[in-house]
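protein.cif (mmCIF, C-alpha atoms)
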```cif
data_final
#
loop_
_atom_site.label_atom_id
_atom_site.label_comp_id
_atom_site.auth_asym_id
_atom_site.auth_seq_id
_atom_site.Cartn_x
_atom_site.Cartn_y
_atom_site.Cartn_z
CA MET J 1 22.66 5.70 50.26
CA THR J 2 19.93 6.97 52.51
CA GLU J 3 16.46 7.70 51.20
CA THR J 4 16.00 11.44 51.25
CA THR J 5 12.68 13.05 51.79
CA GLY J 6 11.31 16.31 50.48
CA GLY J 7 12.39 17.82 47.18
CA MET J 8 10.73 17.02 43.91
CA THR J 9 8.76 13.81 43.47
CA ARG J 10 8.75 11.60 40.37
CA ARG J 11 5.34 12.98 39.46
CA GLY J 12 6.78 16.47 39.85
CA LEU J 13 9.66 15.65 37.51
CA ILE J 14 7.29 14.18 34.92
CA ALA J 15 5.00 17.22 35.14
CA SER J 16 7.92 19.67 34.83
CA VAL J 17 9.43 17.91 31.83
CA ALA J 18 6.01 17.60 30.18
CA ALA J 19 5.37 21.32 30.75
CA ALA J 20 8.77 22.22 29.24
CA VAL J 21 8.14 19.99 26.22
CA ALA J 22 4.68 21.51 25.76
CA ALA J 23 6.05 25.05 26.05
CA VAL J 24 8.78 24.63 23.43
CA THR J 25 6.46 22.68 21.12
CA VAL J 26 3.64 25.22 21.21
CA THR J 27 6.02 28.13 20.62
CA GLN J 28 7.73 26.38 17.70
CA VAL J 29 4.96 24.63 15.83
CA GLY J 30 3.14 27.91 15.04
CA GLY J 31 5.66 28.28 12.22
CA THR J 32 3.73 25.61 10.37
CA LEU J 33 0.38 25.32 12.18
CA ALA J 34 -1.51 28.53 11.39
CA PRO J 35 -3.87 28.54 14.42
CA LEU J 36 -0.82 28.71 16.72
CA ARG J 37 1.08 31.32 14.72
CA ASP J 38 0.67 34.06 17.32
CA LEU J 39 2.60 31.86 19.76
CA ALA J 40 5.44 31.04 17.36
CA LEU J 41 8.18 32.74 19.42
CA LEU J 42 10.71 29.99 18.66
CA SER J 43 9.97 29.72 14.96
CA PRO J 44 12.14 31.82 12.62
CA ARG J 45 9.18 32.56 10.36
CA ARG J 46 5.57 33.39 10.88
CA PRO J 47 3.73 31.75 8.00
CA ASP J 48 1.86 34.96 7.16
CA LEU J 49 4.61 37.61 7.21
CA GLY J 50 6.40 38.73 4.06
CA PRO J 51 5.50 40.12 0.65
CA GLN J 52 2.08 38.79 -0.44
CA SER J 53 1.77 37.38 3.10
CA LEU J 54 4.35 34.67 2.46
CA PRO J 55 7.80 34.31 4.09
CA VAL J 56 11.02 34.63 2.09
CA ASN J 57 14.37 32.91 2.71
CA ARG J 58 16.47 33.55 -0.41
CA THR J 59 16.00 37.25 -1.19
CA VAL J 60 16.15 38.78 -4.64
CA ALA J 61 19.05 40.96 -3.42
CA ALA J 62 21.06 37.98 -2.14
CA ALA J 63 20.48 36.16 -5.41
CA GLY J 64 21.45 39.25 -7.44
CA VAL J 65 18.78 38.61 -10.07
CA LEU J 66 16.64 41.76 -10.04
CA PRO J 67 17.98 43.21 -13.35
CA ALA J 68 17.59 39.89 -15.19
CA ALA J 69 14.20 39.15 -13.63
CA THR J 70 12.71 42.52 -14.59
CA ASP J 71 14.31 42.70 -18.07
CA THR J 72 11.61 43.02 -20.76
CA GLY J 73 13.78 40.76 -22.90
CA TYR J 74 13.14 37.88 -20.47
CA ARG J 75 12.48 34.56 -22.23
CA LEU J 76 11.77 31.16 -20.67
CA ARG J 77 13.73 28.48 -22.51
CA VAL J 78 12.43 24.92 -22.81
CA GLU J 79 15.17 22.65 -24.15
CA GLY J 80 16.86 19.27 -23.80
CA ARG J 81 15.09 16.13 -25.02
CA VAL J 82 12.21 17.92 -26.73
CA ARG J 83 10.91 17.85 -30.30
CA THR J 84 10.48 21.65 -30.38
CA PRO J 85 12.66 23.83 -28.14
CA LEU J 86 10.67 26.83 -26.92
CA LEU J 87 11.57 30.42 -26.18
CA LEU J 88 8.65 32.09 -24.40
CA SER J 89 8.20 35.70 -23.32
CA LEU J 90 6.06 36.54 -20.31
CA PRO J 91 3.07 37.47 -22.57
CA ASP J 92 3.55 34.11 -24.37
CA LEU J 93 3.33 32.31 -21.05
CA GLN J 94 0.25 34.31 -20.05
CA GLU J 95 -1.50 33.22 -23.26
CA LEU J 96 -1.02 29.51 -22.56
CA PRO J 97 -3.82 27.76 -20.61
CA GLN J 98 -3.62 28.86 -16.96
CA SER J 99 -4.19 26.57 -13.96
CA ASP J 100 -4.39 26.96 -10.19
CA ALA J 101 -2.78 24.80 -7.51
CA GLU J 102 -2.94 25.14 -3.75
CA LEU J 103 0.59 24.29 -2.61
CA ALA J 104 2.70 25.00 0.46
CA ILE J 105 6.19 26.34 0.67
CA ALA J 106 7.49 23.91 3.28
CA CYS J 107 10.91 24.92 4.55
CA VAL J 108 13.47 22.49 5.96
CA GLU J 109 13.50 24.82 8.98
CA GLY J 110 10.05 23.56 9.91
CA TRP J 111 7.88 26.51 8.89
CA SER J 112 5.41 26.28 6.05
CA ALA J 113 2.85 28.48 4.32
CA SER J 114 0.16 27.53 1.84
CA ALA J 115 -1.25 29.63 -1.01
CA VAL J 116 -3.05 29.30 -4.32
CA TRP J 117 -0.52 29.63 -7.14
CA SER J 118 -1.50 30.19 -10.78
CA GLY J 119 0.37 29.71 -14.02
CA VAL J 120 1.22 27.14 -16.66
CA ARG J 121 1.18 23.45 -15.82
CA LEU J 122 4.62 21.99 -16.47
CA VAL J 123 2.97 18.95 -18.04
CA ASP J 124 1.16 21.22 -20.56
CA LEU J 125 4.41 22.96 -21.45
CA LEU J 126 6.18 19.62 -21.94
CA ARG J 127 3.36 18.52 -24.27
CA VAL J 128 3.73 21.70 -26.37
CA ALA J 129 7.49 21.10 -26.59
CA GLY J 130 6.95 17.44 -27.48
CA ALA J 131 8.78 15.83 -24.55
CA ALA J 132 8.32 12.15 -23.67
CA PRO J 133 5.50 11.74 -21.10
CA ASP J 134 7.70 10.18 -18.37
CA SER J 135 10.59 12.62 -18.55
CA ARG J 136 12.58 14.01 -15.65
CA VAL J 137 13.12 17.75 -15.76
CA ARG J 138 15.74 20.13 -14.45
CA VAL J 139 14.54 23.65 -13.67
CA GLU J 140 17.21 26.36 -13.63
CA SER J 141 17.17 29.84 -12.14
CA LEU J 142 18.40 33.18 -13.44
CA GLU J 143 20.50 33.09 -10.28
CA PRO J 144 24.10 32.62 -11.54
CA ILE J 145 25.48 30.87 -8.45
CA GLY J 146 24.07 29.34 -5.28
CA ALA J 147 23.46 25.86 -3.92
CA PHE J 148 19.82 25.90 -4.95
CA ARG J 149 19.99 27.60 -8.35
CA SER J 150 18.42 24.54 -9.98
CA SER J 151 16.38 21.52 -9.00
CA VAL J 152 15.41 18.26 -10.66
CA LEU J 153 11.80 17.06 -10.81
CA ASP J 154 11.42 13.29 -10.80
CA ARG J 155 8.91 11.59 -13.08
CA ALA J 156 6.09 11.78 -10.52
CA ARG J 157 6.45 15.55 -10.08
CA ALA J 158 7.18 16.33 -13.75
CA ARG J 159 3.85 14.80 -14.80
CA ASP J 160 1.80 15.87 -11.75
CA PRO J 161 -0.87 18.39 -12.84
CA LEU J 162 -0.20 20.32 -9.60
CA THR J 163 3.32 21.19 -10.77
CA LEU J 164 3.24 24.76 -12.05
CA LEU J 165 5.48 27.32 -13.59
CA ALA J 166 3.73 29.89 -11.46
CA LEU J 167 3.22 33.48 -12.65
CA ARG J 168 0.85 34.58 -9.88
CA VAL J 169 0.12 33.92 -6.22
CA ARG J 170 -3.20 34.75 -4.56
CA GLY J 171 -4.32 36.39 -7.80
CA GLN J 172 -1.39 38.84 -7.92
CA THR J 173 1.66 38.88 -10.17
CA LEU J 174 4.54 37.25 -8.27
CA HIS J 175 6.55 39.65 -6.12
CA PRO J 176 10.25 39.61 -7.12
CA GLU J 177 11.00 38.07 -3.70
CA HIS J 178 8.79 35.13 -4.65
CA GLY J 179 10.45 34.53 -8.00
CA TYR J 180 9.02 36.99 -10.58
CA PRO J 181 8.63 36.43 -13.47
CA VAL J 182 8.30 32.62 -13.10
CA ARG J 183 8.79 30.23 -10.21
CA LEU J 184 8.47 26.50 -9.90
CA MET J 185 5.86 25.15 -7.47
CA ALA J 186 5.58 21.36 -7.18
CA PRO J 187 3.82 19.09 -4.67
CA ASN J 188 5.48 17.35 -1.70
CA ARG J 189 9.03 18.71 -1.72
CA PRO J 190 11.19 21.10 0.33
CA GLY J 191 10.87 24.84 -0.29
CA VAL J 192 14.55 25.16 -1.28
CA LEU J 193 13.73 23.06 -4.35
CA GLN J 194 10.85 25.32 -5.48
CA THR J 195 13.18 27.20 -7.83
CA LYS J 196 12.58 30.95 -8.12
CA TRP J 197 13.32 33.26 -11.11
CA VAL J 198 13.15 30.33 -13.54
CA SER J 199 15.20 30.81 -16.72
CA THR J 200 15.30 27.36 -18.27
CA VAL J 201 13.39 24.06 -18.27
CA VAL J 202 15.69 21.24 -19.37
CA VAL J 203 14.03 17.92 -20.26
CA LEU J 204 16.43 15.14 -19.19
CA MET I 1 15.27 2.64 47.09
CA THR I 2 15.44 -0.44 44.89
CA SER I 3 15.96 1.67 41.79
CA ALA I 4 18.54 4.14 43.08
CA ILE I 5 21.58 4.56 40.88
CA THR I 6 24.69 3.31 42.63
CA THR I 7 27.57 5.73 42.63
CA GLY I 8 30.45 3.56 43.82
CA PRO I 9 32.29 3.59 47.15
CA ALA I 10 30.99 6.22 49.51
CA HIS I 11 34.47 7.66 50.24
CA SER I 12 35.10 8.61 46.56
CA ALA I 13 31.61 9.41 45.37
CA PRO I 14 29.97 12.81 45.59
CA VAL I 15 26.58 12.85 47.27
CA PHE I 16 23.50 13.28 45.12
CA PRO I 17 20.71 14.05 47.54
CA SER I 18 17.78 14.02 45.09
CA ARG I 19 15.97 10.71 44.90
CA LEU I 20 15.16 11.47 41.27
CA HIS I 21 18.54 10.17 40.00
CA ASP I 22 17.06 6.72 39.56
CA ALA I 23 16.73 4.05 36.90
CA THR I 24 12.98 4.53 36.46
CA ASN I 25 13.37 8.22 35.57
CA ALA I 26 16.31 7.40 33.31
CA ALA I 27 14.10 4.77 31.62
CA TRP I 28 11.02 6.86 30.89
CA LEU I 29 13.05 9.85 29.77
CA GLY I 30 15.15 7.53 27.60
CA THR I 31 12.01 5.99 26.09
CA ALA I 32 10.58 9.42 25.27
CA LEU I 33 13.90 10.49 23.72
CA GLY I 34 14.04 7.23 21.76
CA VAL I 35 10.60 7.91 20.25
CA ALA I 36 11.55 11.53 19.43
CA PHE I 37 14.86 10.46 17.85
CA ALA I 38 13.09 7.76 15.81
CA VAL I 39 10.73 10.43 14.45
CA CYS I 40 13.73 12.65 13.67
CA LEU I 41 15.53 9.77 11.93
CA LEU I 42 12.63 8.76 9.67
CA THR I 43 11.55 12.29 8.75
CA GLY I 44 15.19 13.34 8.37
CA LEU I 45 15.89 10.48 5.98
CA TYR I 46 12.81 11.41 3.95
CA SER I 47 13.99 15.02 3.70
CA HIS I 48 17.52 13.90 2.83
CA LEU I 49 16.20 11.63 0.04
CA LEU I 50 14.08 14.43 -1.41
CA GLN I 51 17.11 16.72 -1.47
CA ASN I 52 19.60 14.09 -2.67
CA GLN I 53 17.35 12.07 -4.92
CA PRO I 54 19.11 9.43 -7.03
CA ASP I 55 18.17 9.58 -10.72
CA TRP I 56 16.55 6.13 -10.65
CA LEU I 57 14.30 6.91 -7.69
CA THR I 58 10.81 8.40 -8.01
CA ILE I 59 9.17 9.56 -4.78
CA PRO I 60 5.35 9.87 -4.87
CA SER I 61 4.26 13.49 -5.35
CA ARG I 62 1.09 13.01 -3.29
CA PRO I 63 -0.18 13.80 -0.74
CA ALA I 64 0.90 17.25 -1.91
CA GLY I 65 1.33 18.50 1.66
CA LEU I 66 3.19 15.46 3.03
CA TYR I 67 6.58 17.18 3.30
CA ARG I 68 5.25 20.04 5.40
CA VAL I 69 3.96 17.43 7.85
CA THR I 70 7.13 15.30 7.93
CA GLN I 71 9.45 18.30 8.22
CA GLY I 72 7.18 19.97 10.81
CA LEU I 73 7.40 16.70 12.79
CA HIS I 74 11.20 16.59 12.38
CA VAL I 75 11.71 20.06 13.81
CA THR I 76 9.02 19.66 16.48
CA ALA I 77 10.42 16.32 17.71
CA GLY I 78 13.92 17.85 17.73
CA VAL I 79 12.85 20.90 19.70
CA ALA I 80 10.85 18.75 22.14
CA SER I 81 13.98 16.61 22.65
CA VAL I 82 15.88 19.54 24.18
CA PRO I 83 14.10 19.53 27.58
CA LEU I 84 13.94 15.72 27.47
CA LEU I 85 17.70 15.45 26.92
CA LEU I 86 18.49 18.03 29.61
CA ALA I 87 16.31 16.14 32.11
CA LYS I 88 17.80 12.78 31.10
CA LEU I 89 21.38 14.03 31.46
CA TRP I 90 20.55 15.53 34.87
CA VAL I 91 18.98 12.25 36.04
CA VAL I 92 21.96 10.10 35.01
CA TYR I 93 24.91 12.43 35.57
CA PRO I 94 25.88 10.86 38.94
CA LYS I 95 26.94 7.85 36.86
CA LEU I 96 29.77 9.98 35.45
CA TRP I 97 31.47 9.52 38.82
CA VAL I 98 31.27 5.71 38.81
CA TRP I 99 34.58 4.30 40.03
CA PRO I 100 36.54 2.62 38.54
CA PRO I 101 35.55 4.23 35.22
CA ALA I 102 35.56 0.88 33.44
CA ARG I 103 35.27 -2.62 34.87
CA ASP I 104 36.54 -4.35 31.73
CA VAL I 105 37.00 -3.85 28.00
CA GLY I 106 33.29 -4.35 27.20
CA HIS I 107 32.30 -1.81 29.82
CA ALA I 108 34.93 0.62 28.48
CA VAL I 109 33.54 0.28 24.93
CA GLN I 110 30.02 0.79 26.21
CA ARG I 111 30.99 3.94 28.13
CA GLY I 112 32.92 5.19 25.09
CA SER I 113 29.83 4.76 22.93
CA LEU I 114 27.91 6.85 25.49
CA LEU I 115 30.31 9.68 24.75
CA VAL I 116 29.35 9.39 21.07
CA LEU I 117 25.65 9.20 21.97
CA VAL I 118 25.66 12.21 24.31
CA GLY I 119 28.00 14.23 22.09
CA GLY I 120 26.02 13.34 18.96
CA ALA I 121 22.67 14.13 20.55
CA ILE I 122 23.87 17.52 21.82
CA PHE I 123 25.43 18.23 18.41
CA GLU I 124 22.30 17.29 16.45
CA LEU I 125 19.97 19.32 18.66
CA SER I 126 22.20 22.39 18.81
CA THR I 127 22.99 22.49 15.07
CA GLY I 128 19.30 21.85 14.30
CA LEU I 129 18.28 24.73 16.58
CA ALA I 130 20.89 27.00 14.99
CA ASN I 131 19.58 26.08 11.55
CA ILE I 132 15.95 26.85 12.37
CA ALA I 133 17.18 30.16 13.80
CA GLN I 134 19.14 30.68 10.52
CA TRP I 135 22.28 31.19 12.57
CA TYR I 136 25.46 29.61 11.20
CA PRO I 137 28.29 30.28 13.65
CA PHE I 138 30.01 27.02 12.63
CA GLY I 139 32.42 26.66 9.75
CA PHE I 140 31.01 23.44 8.26
CA ALA I 141 28.15 22.66 5.89
CA PHE I 142 25.06 22.19 8.03
CA THR I 143 23.07 19.62 6.04
CA GLN I 144 25.84 17.11 5.36
CA THR I 145 27.26 17.29 8.90
CA HIS I 146 23.81 17.05 10.53
CA TYR I 147 23.13 14.01 8.32
CA TRP I 148 26.33 12.07 9.07
CA VAL I 149 26.43 12.87 12.81
CA GLY I 150 22.80 11.73 12.81
CA TRP I 151 23.92 8.26 11.70
CA LEU I 152 26.67 8.18 14.37
CA THR I 153 24.13 9.14 17.01
CA ILE I 154 21.61 6.52 15.86
CA GLY I 155 24.35 3.85 15.85
CA ALA I 156 25.37 4.75 19.41
CA LEU I 157 21.67 4.85 20.40
CA LEU I 158 21.16 1.28 19.12
CA LEU I 159 24.19 0.11 21.17
CA HIS I 160 22.74 1.94 24.17
CA ILE I 161 19.34 0.27 23.75
CA GLY I 162 21.10 -3.09 23.35
CA ALA I 163 23.05 -2.53 26.58
CA HIS I 164 20.26 -1.04 28.72
CA GLY I 165 16.93 -1.80 27.01
CA ALA I 166 16.04 -4.80 29.18
CA ASP I 167 17.07 -3.02 32.39
CA ALA I 168 15.06 0.03 31.35
CA MET I 169 11.92 -2.08 30.79
CA ALA I 170 12.38 -3.65 34.22
CA ALA I 171 12.89 -0.21 35.79
CA LEU I 172 9.69 1.05 34.15
CA ARG I 173 7.72 -1.89 35.55
CA ARG I 174 9.26 -1.30 38.97
CA GLY I 175 8.48 2.41 38.77
CA ARG I 176 4.85 1.67 38.02
CA SER I 177 4.54 -0.62 41.07
CA ASP I 178 6.17 1.78 43.55
CA ASP I 179 4.98 4.99 41.92
CA ARG I 180 5.70 7.84 44.27
#
```
As structure tokens - that is how I would like this structure written.
Amino acid sequence: MTETTGGMTRRGLIASVAAAVAAVTVTQVGGTLAPLRDLALLSPRRPDLGPQSLPVNRTVAAAGVLPAATDTGYRLRVEGRVRTPLLLSLPDLQELPQSDAELAIACVEGWSASAVWSGVRLVDLLRVAGAAPDSRVRVESLEPIGAFRSSVLDRARARDPLTLLALRVRGQTLHPEHGYPVRLMAPNRPGVLQTKWVSTVVVL
Amino acid sequence: MTSAITTGPAHSAPVFPSRLHDATNAAWLGTALGVAFAVCLLTGLYSHLLQNQPDWLTIPSRPAGLYRVTQGLHVTAGVASVPLLLAKLWVVYPKLWVWPPARDVGHAVQRGSLLVLVGGAIFELSTGLANIAQWYPFGFAFTQTHYWVGWLTIGALLLHIGAHGADAMAALRRGRSDDR
């Protein structure tokens, strides 16, 4: 083979590939890195767009839970391996000690958005119900079907004081799209597991 | 010229005029892809474990924001792999025309595993991109398929590194000495 001259050099190839990598990275990573969010052309979600400035994947319409979620007869059930099963209305929950936690919804799709959530610590609720301190917990949604209608909290998350049954976000009552009346928010786990429209807490 | 990819007998081989189809470019692009795929493997396994957690396993709940970092890295490394893979395939595609296609059984197995590697890599990147775009034109479950094809791809990648790792290191050293 003869050595050809002209055309792109090795340095040129490296520079072109590096520029392409930089371009796709910068336009994607804004889905999770807030300072770059205006450049997030390739990300499916801007971290600040949606009700209460938070993105939504599973909508209340797709889940078909709006009637059940807004029913005044709503009760949160706490059951399973507990001394005292609980049945709590929304006002009951609001009267329990309230806590704040700054937690991110971190989607498997690579976007994430952080907010201050407020509500009842799961660990406090488990204490009231008389559950063993190192229990695992399954949290179930009002949603009747769907791959993510429930999720299991391992021992670390069930006893972590950051794990909330959230009633509010950024000081406002949860929007139905974000899980009104109650949603689970726990540290260090995918957004699909942060169960919305919680109906039941089952101590395993 | 020392690092040009040979393309077999001149009478049967197409001509690839660019001097960029060489072993040094294949090596640095392959190294970059290897790093990106390793990031995707580790962060992907972490995400898989969190979503398919065995009852006996407890995964630390702190740092609270760890998952947003690992999953951000997973998607970012995957997206960054797209131009890297396109460049790598362009650099090495003259080798597709190597004649005869296999010298012996070992060579045939090695080329067969390349089919798995290239097919798997294209599959993982395209299904991952479709998922982040929330576009599901395919008829299979995304997460399970992406997970198992990921293992196939990593297996083929290990074979590939076993077959070409030493040559790639040598090509990188050569490239540094005759940097053009």
Mind pulling up the distance from CA of Met185 (chain J) to CA of Val108 (chain J)?
15.7 Å
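With all atoms listed in the file as the atoms that count, the residue of I:Ile154, I:Val116, I:Ala141, I:Val149 with the shortest distance to chain J is I:Ala141.
Using all atoms listed in the file for every distance, the candidate list I:Ala130, I:Arg111, I:Pro54, I:Ala36 yields I:Arg111 as the residue closest to Val98 (chain I).
Shortest separation to chain I among J:Pro133, J:Gly31, J:Pro161, J:Gly110 occurs at residue J:Gly110, atoms counted being all atoms listed in the file.
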At a cut-off of 7 Å, which residues of chain I touch chain J? Count all atoms listed in the file and give the answer as a PyMOL selection string.
chain I and resi 1+17-20+50+58-68+71-72+75-76+79-80+83-84+131-133+180
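These residues, each with an atom at most 12 Å from (31.3, 7.2, 26.3) using all atoms listed in the file, are Lys95, Leu96, Pro101, Ala102, Gly106, His107, Ala108, Val109, Gln110, Arg111, Gly112, Ser113, Leu114, Leu115, Val116, Leu117, Val118, Gly119, Gly120, Thr153, Ala156, Leu157, Leu159 and His160 of chain I.
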With all atoms listed in the file as the counted atoms, please give the residues lying no more than 12 Å from region 124-126 of chain J, apart from itself and same-chain residues fewer than 2 positions off, as a PyMOL selection string.
chain J and resi 76-88+92-93+95-99+119-122+128-137+158-165+201-204
Test item: the PyMOL selection byres ((chain I and resi 122-125) around 7) resolved as a PDB file with C-alpha atoms, in the frame of the given file:
```pdb
ATOM      1  CA  GLY I  78      13.920  17.850  17.730  1.00  0.00           C
ATOM      2  CA  VAL I  82      15.880  19.540  24.180  1.00  0.00           C
ATOM      3  CA  VAL I 118      25.660  12.210  24.310  1.00  0.00           C
ATOM      4  CA  GLY I 119      28.000  14.230  22.090  1.00  0.00           C
ATOM      5  CA  GLY I 120      26.020  13.340  18.960  1.00  0.00           C
ATOM      6  CA  ALA I 121      22.670  14.130  20.550  1.00  0.00           C
ATOM      7  CA  SER I 126      22.200  22.390  18.810  1.00  0.00           C
ATOM      8  CA  THR I 127      22.990  22.490  15.070  1.00  0.00           C
ATOM      9  CA  GLY I 128      19.300  21.850  14.300  1.00  0.00           C
ATOM     10  CA  LEU I 129      18.280  24.730  16.580  1.00  0.00           C
ATOM     11  CA  HIS I 146      23.810  17.050  10.530  1.00  0.00           C
ATOM     12  CA  GLY I 150      22.800  11.730  12.810  1.00  0.00           C
TER      13      GLY I 150
END
```
Let me know the centre plus edge lengths, in Å and rounded to one decimal, of a box with edges along x, y and z that contains all listed atoms of region 164-174 of chain J and is padded by 8 Å on every side, as AutoDock Vina command-line options.
```
--center_x 0.6 --center_y 31.8 --center_z -9.1 --size_x 25.8 --size_y 30.1 --size_z 25.0
```
Contacts of region 166-177 of chain J at 7 Å or less, counting all atoms listed in the file, minus same-chain residues fewer than 6 places along, as a PDB file with C-alpha atoms, keeping the file's coordinate frame?
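Output saved as part.pdb:
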```pdb
ATOM      1  CA  PRO J  51       5.500  40.120   0.650  1.00  0.00           C
ATOM      2  CA  VAL J  56      11.020  34.630   2.090  1.00  0.00           C
ATOM      3  CA  THR J  59      16.000  37.250  -1.190  1.00  0.00           C
ATOM      4  CA  VAL J  60      16.150  38.780  -4.640  1.00  0.00           C
ATOM      5  CA  ALA J 115      -1.250  29.630  -1.010  1.00  0.00           C
ATOM      6  CA  VAL J 116      -3.050  29.300  -4.320  1.00  0.00           C
ATOM      7  CA  TRP J 117      -0.520  29.630  -7.140  1.00  0.00           C
ATOM      8  CA  SER J 118      -1.500  30.190 -10.780  1.00  0.00           C
ATOM      9  CA  GLY J 119       0.370  29.710 -14.020  1.00  0.00           C
ATOM     10  CA  VAL J 120       1.220  27.140 -16.660  1.00  0.00           C
ATOM     11  CA  ARG J 183       8.790  30.230 -10.210  1.00  0.00           C
ATOM     12  CA  LEU J 184       8.470  26.500  -9.900  1.00  0.00           C
ATOM     13  CA  MET J 185       5.860  25.150  -7.470  1.00  0.00           C
TER      14      MET J 185
END
```
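Excluding Pro144 (chain J) itself and any same-chain residue fewer than 4 positions from it, the protein and nucleic acid residues within 9 Å of it, counting all atoms listed in the file, are Ala63, Gly64, Val65 and Arg149 of chain J.
Interatomic distance, CA of Leu54 (chain J) to CA of Phe148 (chain J): 19.3 Å.
Each of J:Gln52, J:Gln94, J:Ser150, J:Thr72 was compared to Gln51 (chain I) using all atoms listed in the file, and J:Ser150 turns out to be the nearest.
For Gly165 (chain I), the list of residues within 12 Å, based on only C-alpha atoms and with local chain neighbours fewer than 5 positions off taken out, reads I:Ala23, I:Ala26, I:Ala27, I:Trp28, I:Gly30, I:Thr31, I:Gly34, I:Leu157, I:Leu158, I:Leu159, I:His160, I:Ala170, I:Ala171, I:Leu172.
Separating CA of His74 (chain I) from CA of Val92 (chain I) is a distance of 25.9 Å.
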Hey, what comes out of the PyMOL selection byres ((chain I and resi 41-43) around 8) on this file? Could you write it as a PDB file with C-alpha atoms, in the frame of the given file?
```pdb
ATOM      1  CA  PHE I  37      14.860  10.460  17.850  1.00  0.00           C
ATOM      2  CA  ALA I  38      13.090   7.760  15.810  1.00  0.00           C
ATOM      3  CA  VAL I  39      10.730  10.430  14.450  1.00  0.00           C
ATOM      4  CA  CYS I  40      13.730  12.650  13.670  1.00  0.00           C
ATOM      5  CA  GLY I  44      15.190  13.340   8.370  1.00  0.00           C
ATOM      6  CA  LEU I  45      15.890  10.480   5.980  1.00  0.00           C
ATOM      7  CA  TYR I  46      12.810  11.410   3.950  1.00  0.00           C
ATOM      8  CA  SER I  47      13.990  15.020   3.700  1.00  0.00           C
ATOM      9  CA  THR I  70       7.130  15.300   7.930  1.00  0.00           C
ATOM     10  CA  GLN I  71       9.450  18.300   8.220  1.00  0.00           C
ATOM     11  CA  LEU I  73       7.400  16.700  12.790  1.00  0.00           C
ATOM     12  CA  HIS I  74      11.200  16.590  12.380  1.00  0.00           C
ATOM     13  CA  GLY I 150      22.800  11.730  12.810  1.00  0.00           C
ATOM     14  CA  ILE I 154      21.610   6.520  15.860  1.00  0.00           C
TER      15      ILE I 154
END
```
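For the residues J:Leu90, J:Asp100, J:Arg58, J:Tyr74, ranking by smallest atom-to-atom distance to Ala147 (chain J) using all atoms listed in the file places J:Arg58 first.
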Could you rebuild region 189-201 of chain J with N, CA and C atoms and give me the result as a PDB file, in the frame of the given file?
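Final output, saved to rebuild39.pdb:
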```
ATOM      1  N   ARG J 189       7.562  18.591  -1.707  1.00  0.00           N
ATOM      2  CA  ARG J 189       9.030  18.710  -1.720  1.00  0.00           C
ATOM      3  C   ARG J 189       9.449  19.943  -0.925  1.00  0.00           C
ATOM      4  N   PRO J 190      10.726  19.979  -0.483  1.00  0.00           N
ATOM      5  CA  PRO J 190      11.190  21.100   0.330  1.00  0.00           C
ATOM      6  C   PRO J 190      11.166  22.429  -0.431  1.00  0.00           C
ATOM      7  N   GLY J 191      10.943  23.510   0.307  1.00  0.00           N
ATOM      8  CA  GLY J 191      10.870  24.840  -0.290  1.00  0.00           C
ATOM      9  C   GLY J 191      12.134  25.241  -1.049  1.00  0.00           C
ATOM     10  N   VAL J 192      13.304  24.787  -0.592  1.00  0.00           N
ATOM     11  CA  VAL J 192      14.550  25.160  -1.280  1.00  0.00           C
ATOM     12  C   VAL J 192      14.591  24.621  -2.711  1.00  0.00           C
ATOM     13  N   LEU J 193      13.746  23.635  -3.000  1.00  0.00           N
ATOM     14  CA  LEU J 193      13.730  23.060  -4.350  1.00  0.00           C
ATOM     15  C   LEU J 193      12.672  23.718  -5.235  1.00  0.00           C
ATOM     16  N   GLN J 194      11.879  24.638  -4.680  1.00  0.00           N
ATOM     17  CA  GLN J 194      10.850  25.320  -5.480  1.00  0.00           C
ATOM     18  C   GLN J 194      11.525  26.525  -6.142  1.00  0.00           C
ATOM     19  N   THR J 195      12.276  26.239  -7.189  1.00  0.00           N
ATOM     20  CA  THR J 195      13.180  27.200  -7.830  1.00  0.00           C
ATOM     21  C   THR J 195      12.482  28.513  -8.203  1.00  0.00           C
ATOM     22  N   LYS J 196      13.117  29.628  -7.803  1.00  0.00           N
ATOM     23  CA  LYS J 196      12.580  30.950  -8.120  1.00  0.00           C
ATOM     24  C   LYS J 196      13.317  31.515  -9.341  1.00  0.00           C
ATOM     25  N   TRP J 197      12.727  32.540  -9.964  1.00  0.00           N
ATOM     26  CA  TRP J 197      13.320  33.260 -11.110  1.00  0.00           C
ATOM     27  C   TRP J 197      13.760  32.261 -12.184  1.00  0.00           C
ATOM     28  N   VAL J 198      12.822  31.420 -12.620  1.00  0.00           N
ATOM     29  CA  VAL J 198      13.150  30.330 -13.540  1.00  0.00           C
ATOM     30  C   VAL J 198      13.594  30.892 -14.890  1.00  0.00           C
ATOM     31  N   SER J 199      14.722  30.392 -15.390  1.00  0.00           N
ATOM     32  CA  SER J 199      15.200  30.810 -16.720  1.00  0.00           C
ATOM     33  C   SER J 199      15.023  29.696 -17.741  1.00  0.00           C
ATOM     34  N   THR J 200      15.216  28.441 -17.299  1.00  0.00           N
ATOM     35  CA  THR J 200      15.300  27.360 -18.270  1.00  0.00           C
ATOM     36  C   THR J 200      14.670  26.082 -17.712  1.00  0.00           C
ATOM     37  N   VAL J 201      13.928  25.388 -18.586  1.00  0.00           N
ATOM     38  CA  VAL J 201      13.390  24.060 -18.270  1.00  0.00           C
ATOM     39  C   VAL J 201      14.117  23.075 -19.179  1.00  0.00           C
TER      40      VAL J 201
END
```
